[in-house]
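**Q** Starting off with a structure, shown below.
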Amino acid sequence: MTSVGRSRAIRVVLPLAGFVLLALFPVFSNNLYLQNMLILTFLLAIGASGWDLMGGFAGYISVGNSMFIGLGAYTTGIIAQRWGISPFIACFAGGLVAAIVAALLSLVTRRTRGMYFVIVTFAALMLLKWVAQTWTPITGGSGGLPMPIATWDLAYQNWPFYYAFLALLAVVILVSMKVRSSKLGLGLLSIHDDEDKSTGLGIRTAVYKMIAFVLASFFTGIAGGLYGFYISYLNPSAMFDIVMSILIVLAALLGGRGSVWGPVLGAFIIEPLAEVTATTVGGANSGAIRLLLFSGVLILVVLFLPRGVLPTIRGWISRTGDAERLRIARAFRPRDTEARGATAPISRAESTGAILVVSGLARSFGGVKAVQGVSLAVGEGAVTGLIGPNGSGKTTLFNLIDGTVSPDAGAVVLAGRALRNGDRPGRAHAGLARTYQLPRLFPSMTVLENVVLPERRFSLRRIFAARVTVAERSEAHSRLEKFGLAGYADIGPAELSYGQRKLVELAQVLTLEPRVIMLDEPAAGISPALSARLSEIIREVNSKGVSVLLVEHDLPFIEALCDDVYVMDGGVVIAHGTVQELKDDPLVVEAYLGRSEPLEVRGAASA
Ligand SMILES: Nc1ncnc2c1ncn2[C@@H]1O[C@H](COP(=O)(O)OP(=O)(O)OP(=O)(O)O)[C@@H](O)[C@H]1O
């Protein structure tokens with residue numbers, strides 16, 4: 001058996017064996033203490049696995065996920081008490097209510113990032129606890145809410161609870177696996193790495209985050225309903241418990257966030273510790289002491305084991321594999337990266353009409369007028385240049401065109417359609433793509449996954465499709481091969497040179513099948529050989545009908561590709577024409593070089 005086959009077998013056999021052992025445990029042992037500990041471990045593992053969908057995959061840290069346990073428990077309790085429905089059935093309504101609250105929170109937080117999400121989830125937990133305490137007619141207030149008493153034969157002990165939790169944990173693990181192996185998981189990873197860039201690649205990040213949060217809360221809510229039934233009496237402090245929220249985060253972080261098994265492993269480590277402290281820390285301040293204790297452990301884990309147990313171990317194992325893959329990739333470095341001679345620029349005459357029209361775009365940052373009423377047009381099938389000295393507003397103009405920054409005034413029209421502000425993925429779907437001055441690839445993915453990630457159009461069905469389909473893999477492979485990067489498909493972008501990363505970013509945006517690509521200084525900081533190769537690639541992409549707006553300081557590079565060039569200075573367009581026309585324009589020469597000598601456009605950089 002190969003090493004890949006062996007590791008795959010281990011990944012299947014180990015969890016199955018663990019599951020069978022856990023399933024058989026109550027049959028062979030009637031130790032109620034251990035059964036109770038395992039039930040609480042399952043609850044924590046379900047909570048931590050759910051938390052990980054947002055916290056681990058997408059990087060959105062919630063410190064209020066125990067609210068879903070509380071919501072599930074109270075919904076189940078109220079339904080069971082009022083309508084006599086079994087809590088084993090009512091708990092699904094608990095999951096639904098938790099999911100609805102998560103959807104509402106997602107809507108509220110859809111424009112917030114980082115710390116704001118932490119604060120909102122904490123505030124929601126406190127608010128719901130207050131509601132449970134004060135809405136006495138429904139929740140029983142601080143006095144609590146009794147759950148129905150379990151009616152099965154005592155000989156079965158806690159079996160129904162035990163197996164219900166174990167089955168739910170198995171479902172949550174399967175869901176987590178499905179998320180990981182689907183486009184949803186890939187999209188969440190892209191949010192984790194660089195959400196801003198992700199939206200520019202057409203990913204509807206707000207929808208991805210909402211689905212992850214709703215999935216997590218649904219299962220945590222069901223678990224909450226079962227838990228409420230198990231402990232038979234609900235009170236607001238125990239159900240909306242901040243210590244439980246901390247334990248959930250701790251289990252996911254300790255085991256390893258962003259992985260299927262990490263949060264489960266973490267729960268099996270943390271729950272026994274929580275049990276020990278629950279029995280040893282007593283007195284009036286026991287809650288506060290446990291909160292301090294676990295918060296302290298959380299800080300230690302973040303400081304000293306930031307990736308968690310499982311990913312750290314996996315990292316040790318795969319380091320040798322990665323080094324080998326990189327060695328093979330380098331051995332197959334393509335021969336055709338030598339510089340090629342300059343070819344004729346792509347003439348304005350070859351293009352017809354304008355595909356991209358920018359009119360009157362303006363944007364200030366405080367007192368800095370970065371872009372002031374800029375208008376320009378990119379002809380259909382043209383490669384249009386945009387040059388200007390540092391700080392003249394080129395990147396800001398790109399940000400305004402692709403929707404990263406909203407304009408104070410002006411409009412962008414693509415293929416005759418005015419683009420809506422505030423809908424960046426929509427601009428990508430309409431056919432607008434861009435690369436960055438400093439390439440921004442997603443470090444948590446392989447090169448191939450980076451190329452496959454962009455979303456041409458949004459559909460819920462696509463979100464649950466395979467992370468990389470067979471067709472996508474072969475399409476990405478052939479593009480990487482054309483770019484001379486075939487051997488690098490399965491390694492991380494961190495292993496690539498700066499220039500190679502620029503090429504991968506270009507390969508990535510081509511997945512959008514764009515009508516216009518905006519390239520921000522593609523040749524900056526790369527070798528002359530790679531620069532020549534890039535020039536060839538741009539030419540080839542353009543020959544397939546893709547229009548290009550090219551920002552570049554390297555004038556020979558610009559001259560080789562385009563004869564239609566805009567010049568910006570101080571946030572405005574000061575000239576427009578062919579490179580030959582511009583190089584004699586005193587205004588351009590003055591702005592660009594700060595002195596009145598003709599611009600040197602041929603020779604130096606292509607030498
Ligand atoms: N987010 C921001 N906040 C404040 N000022 C900004 C911001 N973005 C850009 N600016 C300012 O706007 C002006 C134009 O910057 P911009 O980066 O667009 O120029 P550029 O032509 O792309 O320069 P370079 O060639 O060096 O990349 C500069 O004065 C810059 O400091």
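Residue numbers start at 1 in each chain; chains themselves are named A, B, ... in the order of the structure tokens; ligands are numbered from 1 in the order shown.
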Please return as a PyMOL selection string the residues found within 9 Å of ligand 1, counting only C-alpha atoms and all ligand atoms.
**A** chain A and resi 363-371+387-399+405+437+520-521+551-553+568-571
**Q** So which residues touch Arg180 in chain A within 12 Å, counting only C-alpha atoms, skipping near sequence neighbours fewer than 6 positions away, as a list of chain:residue names?
**A**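 So the residues in contact are A:Ser49, A:Asp52, A:Leu53, A:Gly56, A:Phe57, A:Ala58, A:Ile173, A:Leu174, A:Leu186, A:Gly187, A:Leu188, A:Leu189, A:Ala212, A:Gly258, A:Ser259, A:Val260, A:Trp261, A:Ile463, A:Phe464, A:Ala465, A:Ala466, A:Arg467, A:Val468.
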**Q** List the neighbours of range 201-209 of chain A out to 9 Å using only C-alpha atoms; skip same-chain residues closer than 2 positions along the sequence, and give me the result as a ChimeraX atom specification.
**A** /A:53-54,58,60,106-107,110-111,184-185,187-188,190-191,195,197-199,211-214,424-429,433-434,453-458,463,508-509,512
**Q** What would the file look like if the residues just selected were written as a short mmCIF file (atom, residue, chain, number, x, y, z; two decimals), in the first residue's frame with N, CA and C atoms?
**A**
data_model
loop_
_atom_site.label_atom_id
_atom_site.label_comp_id
_atom_site.auth_asym_id
_atom_site.auth_seq_id
_atom_site.Cartn_x
_atom_site.Cartn_y
_atom_site.Cartn_z
N LEU A 53 -16.87 26.07 12.02
CA LEU A 53 -17.26 26.44 10.65
C LEU A 53 -17.06 27.94 10.44
N MET A 54 -17.39 28.72 11.45
CA MET A 54 -17.20 30.18 11.35
C MET A 54 -15.82 30.59 11.86
N ALA A 58 -13.68 30.28 8.53
CA ALA A 58 -13.79 31.65 8.01
C ALA A 58 -13.03 32.67 8.84
N TYR A 60 -14.00 33.97 11.70
CA TYR A 60 -14.89 34.86 12.45
C TYR A 60 -15.12 34.27 13.84
N SER A 106 -26.30 37.15 11.34
CA SER A 106 -25.47 37.26 10.12
C SER A 106 -25.84 38.50 9.33
N LEU A 107 -27.16 38.77 9.27
CA LEU A 107 -27.60 39.96 8.54
C LEU A 107 -27.06 41.22 9.21
N ARG A 110 -23.25 41.52 8.63
CA ARG A 110 -22.69 41.18 7.31
C ARG A 110 -21.62 42.16 6.84
N ARG A 111 -21.64 43.38 7.38
CA ARG A 111 -20.60 44.32 6.96
C ARG A 111 -19.51 44.49 8.01
N LEU A 184 -18.08 25.50 -0.44
CA LEU A 184 -18.36 26.29 0.76
C LEU A 184 -17.10 26.39 1.63
N GLY A 185 -16.44 25.24 1.84
CA GLY A 185 -15.21 25.22 2.65
C GLY A 185 -14.12 26.08 2.03
N GLY A 187 -14.52 28.58 -0.04
CA GLY A 187 -14.91 29.99 0.08
C GLY A 187 -14.68 30.51 1.49
N LEU A 188 -14.99 29.67 2.51
CA LEU A 188 -14.78 30.11 3.89
C LEU A 188 -13.29 30.33 4.16
N SER A 190 -11.12 31.24 1.98
CA SER A 190 -10.71 32.48 1.32
C SER A 190 -11.12 33.69 2.16
N ILE A 191 -12.25 33.57 2.86
CA ILE A 191 -12.69 34.65 3.76
C ILE A 191 -11.69 34.78 4.89
N GLU A 195 -10.66 38.36 2.94
CA GLU A 195 -12.08 38.49 2.56
C GLU A 195 -12.27 39.53 1.46
N LYS A 197 -10.24 40.43 -0.95
CA LYS A 197 -9.88 39.89 -2.27
C LYS A 197 -10.92 38.86 -2.73
N SER A 198 -11.39 38.07 -1.76
CA SER A 198 -12.36 37.03 -2.07
C SER A 198 -13.61 37.62 -2.75
N THR A 199 -14.11 38.74 -2.25
CA THR A 199 -15.30 39.35 -2.87
C THR A 199 -14.97 39.79 -4.30
N ILE A 211 -24.43 30.87 5.72
CA ILE A 211 -24.68 29.42 5.65
C ILE A 211 -23.88 28.71 6.75
N ALA A 212 -22.62 29.10 6.92
CA ALA A 212 -21.78 28.45 7.92
C ALA A 212 -22.34 28.68 9.33
N PHE A 213 -22.75 29.91 9.59
CA PHE A 213 -23.24 30.24 10.93
C PHE A 213 -24.58 29.55 11.21
N VAL A 214 -25.44 29.51 10.17
CA VAL A 214 -26.75 28.87 10.33
C VAL A 214 -26.58 27.36 10.54
N ARG A 424 -19.45 44.17 -4.89
CA ARG A 424 -18.19 43.81 -5.52
C ARG A 424 -18.24 42.47 -6.23
N PRO A 425 -18.82 41.42 -5.59
CA PRO A 425 -18.92 40.16 -6.32
C PRO A 425 -19.69 40.33 -7.63
N GLY A 426 -20.71 41.22 -7.61
CA GLY A 426 -21.51 41.47 -8.81
C GLY A 426 -20.64 42.00 -9.95
N ARG A 427 -19.66 42.83 -9.62
CA ARG A 427 -18.76 43.37 -10.66
C ARG A 427 -17.91 42.25 -11.26
N ALA A 428 -17.48 41.33 -10.39
CA ALA A 428 -16.70 40.19 -10.90
C ALA A 428 -17.57 39.34 -11.82
N HIS A 429 -18.83 39.12 -11.41
CA HIS A 429 -19.73 38.30 -12.24
C HIS A 429 -20.02 39.00 -13.57
N ALA A 433 -12.21 41.93 -13.69
CA ALA A 433 -11.24 41.24 -12.81
C ALA A 433 -10.02 42.13 -12.63
N ARG A 434 -9.30 41.91 -11.55
CA ARG A 434 -8.08 42.69 -11.35
C ARG A 434 -7.01 41.89 -10.63
N LEU A 453 -10.69 28.81 -7.30
CA LEU A 453 -11.63 29.49 -6.39
C LEU A 453 -12.62 30.48 -7.02
N PRO A 454 -12.21 31.37 -7.92
CA PRO A 454 -13.14 32.43 -8.37
C PRO A 454 -14.49 31.89 -8.85
N GLU A 455 -15.51 32.70 -8.61
CA GLU A 455 -16.89 32.26 -8.88
C GLU A 455 -17.47 33.11 -10.01
N ARG A 456 -17.72 32.48 -11.16
CA ARG A 456 -18.23 33.25 -12.31
C ARG A 456 -19.65 33.73 -12.07
N ARG A 457 -20.44 32.89 -11.42
CA ARG A 457 -21.79 33.30 -11.07
C ARG A 457 -22.16 32.59 -9.78
N PHE A 458 -23.09 33.20 -9.05
CA PHE A 458 -23.43 32.63 -7.75
C PHE A 458 -24.60 31.66 -7.88
N ILE A 463 -22.31 26.07 -4.36
CA ILE A 463 -21.64 26.16 -3.06
C ILE A 463 -21.39 24.77 -2.47
N GLN A 508 -5.41 33.01 -11.88
CA GLN A 508 -6.58 32.96 -11.00
C GLN A 508 -7.73 33.81 -11.55
N VAL A 509 -7.44 35.06 -11.92
CA VAL A 509 -8.55 35.91 -12.35
C VAL A 509 -9.11 35.47 -13.71
N LEU A 512 -12.43 33.70 -13.88
CA LEU A 512 -13.68 34.48 -13.93
C LEU A 512 -14.19 34.65 -15.36
#
**Q** Please identify which residues in range 133-222 of chain A DSSP calls helix (DSSP H, G or I) from the backbone, and express them as a PyMOL selection string.
**A** chain A and resi 133-134+136-139+141-143+154-156+159-180+183-200+205-222
**Q** Restricting the calculation to only C-alpha atoms, which member of A:Ala90, A:Met147, A:Ala17, A:Ile61 is positioned closest to Val118 in chain A?
**A**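 Looking at the shortest contact to Val118 in chain A, the residue is A:Ile61.
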**Q** Using only C-alpha atoms, determine which residues lie at most 8 Å from Ala252 in chain A, disregarding the query and same-chain residues fewer than 3 positions distant; provide the list as a VMD selection string.
**A** chain A and resid 48 to 49 51 to 52 56 248 to 249 255 to 257 262 to 264 266 to 267
**Q** Pick from A:Lys544, A:Gly296, A:Met244, A:Tyr227: nearest to Val63 in chain A, with only C-alpha atoms counted?
**A**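 Among the listed residues, A:Met244 lies closest to Val63 in chain A.
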**Q** Can you tell me how far CA of Asp564 in chain A sits from CA of Gly381 in chain A, in Å to one decimal?
**A**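 Separating CA of Asp564 in chain A from CA of Gly381 in chain A is a distance of 12.0 Å.
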**Q** If you measure from CA of Ala382 in chain A to CA of Val548 in chain A, what distance in Å do you get, rounded to one decimal?
**A**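 Computing the Euclidean distance for CA of Ala382 in chain A and CA of Val548 in chain A yields 6.3 Å.
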**Q** If we count only C-alpha atoms, what is near Arg479 in chain A at a cut-off of 10 Å, once residues fewer than 5 positions away on the same chain are taken out, given as JSON, numbers by chain?
**A** {"A": [448, 451, 473, 474, 484, 485, 486, 504, 507, 508, 510, 511]}
**Q** Could you please take those selected residues and save N, CA and C atoms as a short mmCIF file (atom, residue, chain, number, x, y, z; two decimals), in the first residue's frame?
**A**
data_model
loop_
_atom_site.label_atom_id
_atom_site.label_comp_id
_atom_site.auth_asym_id
_atom_site.auth_seq_id
_atom_site.Cartn_x
_atom_site.Cartn_y
_atom_site.Cartn_z
N LEU A 448 -3.30 25.38 -7.10
CA LEU A 448 -4.43 24.96 -7.94
C LEU A 448 -5.76 25.44 -7.35
N VAL A 451 -6.38 28.96 -8.07
CA VAL A 451 -6.80 29.21 -9.45
C VAL A 451 -8.28 28.85 -9.64
N ARG A 473 -10.22 20.99 -12.30
CA ARG A 473 -8.82 20.60 -12.09
C ARG A 473 -8.07 20.57 -13.42
N SER A 474 -8.74 19.98 -14.43
CA SER A 474 -7.99 19.87 -15.69
C SER A 474 -7.86 21.24 -16.36
N GLY A 484 3.70 28.00 -17.35
CA GLY A 484 4.96 27.43 -16.89
C GLY A 484 4.95 27.09 -15.42
N LEU A 485 3.76 26.78 -14.87
CA LEU A 485 3.68 26.54 -13.43
C LEU A 485 3.05 25.19 -13.09
N ALA A 486 3.01 24.29 -14.07
CA ALA A 486 2.29 23.03 -13.88
C ALA A 486 2.79 22.27 -12.65
N VAL A 504 0.47 33.41 -11.07
CA VAL A 504 -0.66 32.62 -10.53
C VAL A 504 -1.88 33.53 -10.35
N ALA A 507 -3.45 33.85 -13.58
CA ALA A 507 -4.16 32.60 -13.91
C ALA A 507 -5.46 32.52 -13.11
N GLN A 508 -5.41 33.01 -11.88
CA GLN A 508 -6.58 32.96 -11.00
C GLN A 508 -7.73 33.81 -11.55
N LEU A 510 -8.32 34.72 -14.46
CA LEU A 510 -8.83 34.24 -15.75
C LEU A 510 -9.96 33.24 -15.57
N THR A 511 -10.01 32.60 -14.38
CA THR A 511 -11.11 31.67 -14.08
C THR A 511 -12.45 32.39 -14.14
#
**Q** For CA of Glu271 in chain A and CA of Leu34 in chain A, determine how far apart the two atoms are, in Å to one decimal place.
**A**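 Spanning CA of Glu271 in chain A to CA of Leu34 in chain A is a straight-line distance of 11.4 Å.
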**Q** So which bits of range 336-467 of chain A end up strand (DSSP E or B) when you DSSP the backbone, as a PyMOL selection string?
**A** chain A and resi 346+352-365+368-380+383-387+409-414+417-418+432-434+466
**Q** Range 376-380 of chain A: which residues within 8 Å, counting only C-alpha atoms, same-chain residues fewer than 2 positions away excluded, as a list in words?
**A**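 My reading of the contact set: Arg348, Ser351, Thr352, Gly353, Ala354, Ile355, Leu356, Val357, Val358, Ser359, Val374, Ala382, Val383, Thr384, Gly545, Val546, Ser547, Val548, Leu549 and Tyr566 of chain A.
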**Q** Using C-alpha atoms, can you write the selected residues to a file as a PDB file, in the first residue's frame?
**A**
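Result went into out11.pdb, see below:
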ATOM      1  CA  ARG A 348      -6.392  51.178 -30.941  1.00  0.00           C
ATOM      2  CA  SER A 351     -10.423  47.527 -31.027  1.00  0.00           C
ATOM      3  CA  THR A 352     -13.994  48.560 -31.621  1.00  0.00           C
ATOM      4  CA  GLY A 353     -16.155  50.597 -29.234  1.00  0.00           C
ATOM      5  CA  ALA A 354     -15.568  50.823 -25.484  1.00  0.00           C
ATOM      6  CA  ILE A 355     -16.104  47.895 -23.102  1.00  0.00           C
ATOM      7  CA  LEU A 356     -15.267  49.865 -19.950  1.00  0.00           C
ATOM      8  CA  VAL A 357     -16.253  53.498 -19.542  1.00  0.00           C
ATOM      9  CA  VAL A 358     -15.306  55.438 -16.443  1.00  0.00           C
ATOM     10  CA  SER A 359     -16.860  58.862 -16.070  1.00  0.00           C
ATOM     11  CA  VAL A 374     -11.337  60.890 -13.832  1.00  0.00           C
ATOM     12  CA  ALA A 382      -7.768  46.802 -26.472  1.00  0.00           C
ATOM     13  CA  VAL A 383      -4.861  46.897 -24.058  1.00  0.00           C
ATOM     14  CA  THR A 384      -5.001  50.368 -22.569  1.00  0.00           C
ATOM     15  CA  GLY A 545     -10.999  38.980 -26.674  1.00  0.00           C
ATOM     16  CA  VAL A 546     -10.211  40.058 -23.121  1.00  0.00           C
ATOM     17  CA  SER A 547      -9.641  43.810 -22.813  1.00  0.00           C
ATOM     18  CA  VAL A 548      -6.914  45.002 -20.487  1.00  0.00           C
ATOM     19  CA  LEU A 549      -6.316  48.139 -18.434  1.00  0.00           C
ATOM     20  CA  TYR A 566      -3.705  57.628 -20.173  1.00  0.00           C
TER      21      TYR A 566
END
**Q** Pick out the closest residue to Thr139 in chain A from this set: A:Leu169, A:Ile39, A:Ala73, A:Ile270. Count only C-alpha atoms.
**A**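 For Thr139 in chain A, the nearest of the given residues is A:Ala73.
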**Q** Smallest atom-to-atom distance to Ala167 in chain A: which of A:Phe42, A:Trp83, A:Tyr436, A:Trp130, using only C-alpha atoms?
**A**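 Checking each candidate against Ala167 in chain A, we get A:Phe42 as the closest.
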